[in-house]
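Trainee: Take this structure first; my questions come after.
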Amino acid sequence: MFRLHLWKTLTILGIVLLGFIFALPNVLPANVRDALPSFMPNKPIVLGLDLQGGSHLLWEVDKASLVKTLTTQLRGDVRQNLWNENKIKHTISVRKDGSLVVTITDPAQVEKAATILKKLSQPVQVGLFGTGGQAREIEISRDGNRFILRFSKAGLEARIRRAVEQAIEVIRRRLDELGMTEATIQQQGPERILVQAPGMKDPAMLKKAVGQTARLTFQLLCEAQPTGQKGERVPAGCTDMPDAKTPGRHYWVQTSRRATVEGADLVDAQPAFDGRTGEPIVTFRFNQKGALRFGRLTQKNVGKPFAIVLDGKVVSAPVIQTPILGGSGQISGRFSVEETKLLAIILRSGALPAKLTIVEERSVGPSLGSDSIRAGVMASVIGLVAVLLFMVFTYGLFGIFADLALLANLGMLIGILTAFQATLTLPGIAGIVLTLGMAVDSNVLVFERIREELRNGRSVLNALETGFSRAFGTILDANITTLIAAVVLYGLGSGPVRGFAVTLGVGILTTVFTAYTLTRLIVAFWVTRARPKTIPI
């Protein structure tokens, strides 16, 4: 047991050294970190919102808005399948609860329509991990030639779940382009999204970047436009939309699909300046499909005004001077330079699948964060010093061995968190303090076992070997149960709970390594050099 195999020694010491190398940037000044060679780790550990301050926003998917969007999409699917593809005459009306009433006007085509509509309802998995079987996304009931379509509870939950997943990806792309790579984006519950941006002092910018749906359309204006007189009616086939910049100003915009080009086909958007006026604008470029649709729309409507609509508001309403066949154009609307930059980022990252509303908003000042760091570091230092002194007082020389392993444990823990750029929060510091206390438990088990073997009359080497080997099973059992608890906390918890679970879980892994493997190596060095006749424990 106490033979020092070179490859084992180098492996253990190499792992410990690697941990300290990754932890090193946390104690170096910024200018020294920047001067380090490219192959050296130069990023410090990421501090959470509660340690460096920043913005905390909790968003919720607007169910009413999502149901309205889904109903509109379903209406389009019904029209596409019944009339565009099969020429089945029908009428569609929408009830207040969001359900569609489809009436087939030709009695000879009712059964064919029933078969087509049934195909629109896709199966969805229900229950935890899909164990509850399958249900239909859309419930269809029939009354003669009338069909009533509504989203089932399982179907709506599946769509909300999908919308949340898509929204998280869109938000992540937006924040990455803004340079907020340290932002935390997590799902909370079935329909909420938590966004934390450490270091961001202005939550207004975060709200604008995250909350804007960014649904962009290019729609022709109606021939008649509002004059501002009371009692004006919106013409058939048109809808009333407000001006994005001028309060009280409205436009009547055509709603026909033939008069609309969706911004979903955009492949690029960049901030720029108009060459003639010098005002800030956003240039855009379509993919091939969008370029063809945009080209046809502008070619057929030269001389007519059309609206650039963003999230239901008219950004600008220029007149089509010439056909735009190249698939690119520009958006102007009395923007500031900062607004064009943000709008370009939002358009590039794609539209949110549903409207998000703020449920909770919180800002943490940097002074409060620095106080938290100071208190956390103070608690860690006091706990570490107390544990170090206790081990030396209780176990003498072997207490010093345990202290060396404990310091290596702390260095490796910080190094691993830094290497994986895990976010350190105030509960995470609590996890580190708890790890320091738990780490010496393993050494206590080993040392007490060695004492017991010495009392039973075993020799020095025999007592050491038996103490380490027989205590290992107990050490492993105790730490595995704690590791399971940490995994469950991470899986079911959120925010601060996850921060605690991460540091606790990593701390358990480093504890098992240092308390058994590294302490054993230190004891082996001592036995090889000192060849003791008794054990000072």
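So you can find residues: chains in the structure tokens are A, B, ... in the order shown, residues in each start at 1, and ligands are numbered from 1 in order.
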Determine which residues of region 110-279 of chain A receive a DSSP assignment of alpha helix (DSSP H), computed from the backbone, and state them as number ranges by chain.

Mentor: A: 110-119, 153-177, 203-211

Trainee: Name all residues at most 7 Å from region 268-279 of chain A (count only C-alpha atoms; drop same-chain ones fewer than 6 positions away) and give them as a list in words.

Mentor: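 Once the nearby chain positions are removed, what remains is Arg285, Thr340, Lys341, Ala344, Leu347 and Arg348 of chain A.
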
Trainee: May I have the selected residues written with N, CA and C atoms, as a PDB file, in the first residue's frame?

Mentor:
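Saved file part-v2.pdb follows:
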ATOM      1  N   ARG A 285     -31.829  41.820 -45.096  1.00  0.00           N
ATOM      2  CA  ARG A 285     -31.664  40.967 -46.266  1.00  0.00           C
ATOM      3  C   ARG A 285     -32.485  39.702 -46.090  1.00  0.00           C
ATOM      4  N   THR A 340     -31.224  51.467 -33.349  1.00  0.00           N
ATOM      5  CA  THR A 340     -30.950  50.663 -34.551  1.00  0.00           C
ATOM      6  C   THR A 340     -30.083  49.453 -34.223  1.00  0.00           C
ATOM      7  N   LYS A 341     -29.112  49.640 -33.321  1.00  0.00           N
ATOM      8  CA  LYS A 341     -28.263  48.508 -32.926  1.00  0.00           C
ATOM      9  C   LYS A 341     -29.089  47.412 -32.261  1.00  0.00           C
ATOM     10  N   ALA A 344     -31.544  45.710 -34.764  1.00  0.00           N
ATOM     11  CA  ALA A 344     -30.843  44.784 -35.652  1.00  0.00           C
ATOM     12  C   ALA A 344     -30.545  43.467 -34.945  1.00  0.00           C
ATOM     13  N   LEU A 347     -33.860  41.504 -34.558  1.00  0.00           N
ATOM     14  CA  LEU A 347     -34.326  40.918 -35.814  1.00  0.00           C
ATOM     15  C   LEU A 347     -33.446  39.744 -36.241  1.00  0.00           C
ATOM     16  N   ARG A 348     -32.132  39.863 -36.019  1.00  0.00           N
ATOM     17  CA  ARG A 348     -31.224  38.766 -36.388  1.00  0.00           C
ATOM     18  C   ARG A 348     -31.483  37.521 -35.559  1.00  0.00           C
TER      19      ARG A 348
END

Trainee: Which of these residues is nearest to Arg159 (chain A), using only C-alpha atoms: A:Ala236, A:Leu310, A:Leu70, A:Ile414?

Mentor: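 Smallest separation from Arg159 (chain A) among the options: A:Leu70.
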
Trainee: What is the CA of Asp441 (chain A) to CA of Leu413 (chain A) distance in Å?

Mentor: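 That distance, rounded to one decimal, is 16.9 Å.
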
Trainee: One number please: CA of Ala485 (chain A) to CA of Thr514 (chain A), in Å, one decimal.

Mentor: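 For CA of Ala485 (chain A) relative to CA of Thr514 (chain A), the distance reads 20.9 Å.
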
Trainee: What is the distance, in Å and to one decimal place, between CA of Leu388 (chain A) and CA of Leu464 (chain A)?

Mentor: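 Atom-to-atom, CA of Leu388 (chain A) and CA of Leu464 (chain A) are spaced 21.9 Å apart.
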
Trainee: List as a ChimeraX atom specification the protein and nucleic acid residues near Gln288 (chain A), meaning an atom at most 12 Å away when only C-alpha atoms are counted, but skip any in the same chain fewer than 6 places from it.

Mentor: /A:265-267,294-295,325-328

Trainee: Excluding Val460 (chain A) and its own-chain neighbours fewer than 6 positions away, which residues fall within 12 Å of it when counting only C-alpha atoms? Please give them as a list in words.

Mentor: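 The contact residues come out as Phe2, Ile450, Arg451, Glu452, Glu453, Leu454, Thr466, Gly467, Val523, Val527, Arg531, Pro532, Lys533, Thr534, Ile535, Pro536 and Ile537 of chain A.
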
Trainee: Determine the nearest neighbour of Ile168 (chain A) from the options A:Arg296, A:Arg150, A:Lys118, A:Arg192, counting only C-alpha atoms.

Mentor: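 Closest to Ile168 (chain A) of all the choices is A:Arg192.
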
Trainee: Measuring between only C-alpha atoms, which one of A:Gly428, A:Gly376, A:Pro280, A:Gly457 shows the shortest distance to Ser332 (chain A)?

Mentor: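 Smallest separation from Ser332 (chain A) among the options: A:Pro280.
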
Trainee: Region 164-167 of chain A: which residues within 12 Å, counting only C-alpha atoms, same-chain residues fewer than 5 positions away excluded, as an MDAnalysis selection string?

Mentor: chainID A and resid 59:63 66 157:159 172:174 185:195 210:214 349:356

Trainee: As a list in words, please: the residues near Arg75 (chain A) (cut-off 10 Å, only C-alpha atoms, same-chain neighbours under 5 positions excluded).

Mentor: Thr69, Leu70, Gln80, Ile92, Ser93, Val94, Ser99, Leu100, Val101, Val102 and Leu149 of chain A

Trainee: Select from region 97-232 of chain A everything DSSP, run on the backbone, classes as strand (DSSP E or B), then give the selection as number ranges by chain.

Mentor: A: 100-104, 123-125, 134-136, 138-143, 146-151, 184-188, 192-198, 216-221

Trainee: When you count only C-alpha atoms, which of these residues is closest to Asp97 (chain A): A:Asn26, A:Asn301, A:Thr71, A:Ser442?

Mentor: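 For Asp97 (chain A), the nearest of the given residues is A:Thr71.
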
Trainee: Sort by chain and increasing residue number a table of all residues of region 418-503 of chain A within 6 Å of region 37-56 of chain A, each with its closest pair of atoms and their distance in Å to one decimal, counting only C-alpha atoms, and write it as CSV.

Mentor:
residue,atom,partner,partner_atom,distance
A:Thr418,CA,A:Ile45,CA,4.5
A:Gln421,CA,A:Val46,CA,5.9
A:Thr423,CA,A:Val46,CA,4.8
A:Leu424,CA,A:Leu47,CA,4.9
A:Thr425,CA,A:Gly48,CA,4.8

Trainee: Could those residues be written to a file, using C-alpha atoms, as a PDB file, in the first residue's frame?

Mentor:
ATOM      1  CA  THR A 418     -13.463  28.399 -12.747  1.00  0.00           C
ATOM      2  CA  GLN A 421     -17.185  28.922 -15.796  1.00  0.00           C
ATOM      3  CA  THR A 423     -21.624  30.876 -11.681  1.00  0.00           C
ATOM      4  CA  LEU A 424     -20.712  31.403  -8.036  1.00  0.00           C
ATOM      5  CA  THR A 425     -23.580  32.725  -5.935  1.00  0.00           C
TER       6      THR A 425
END
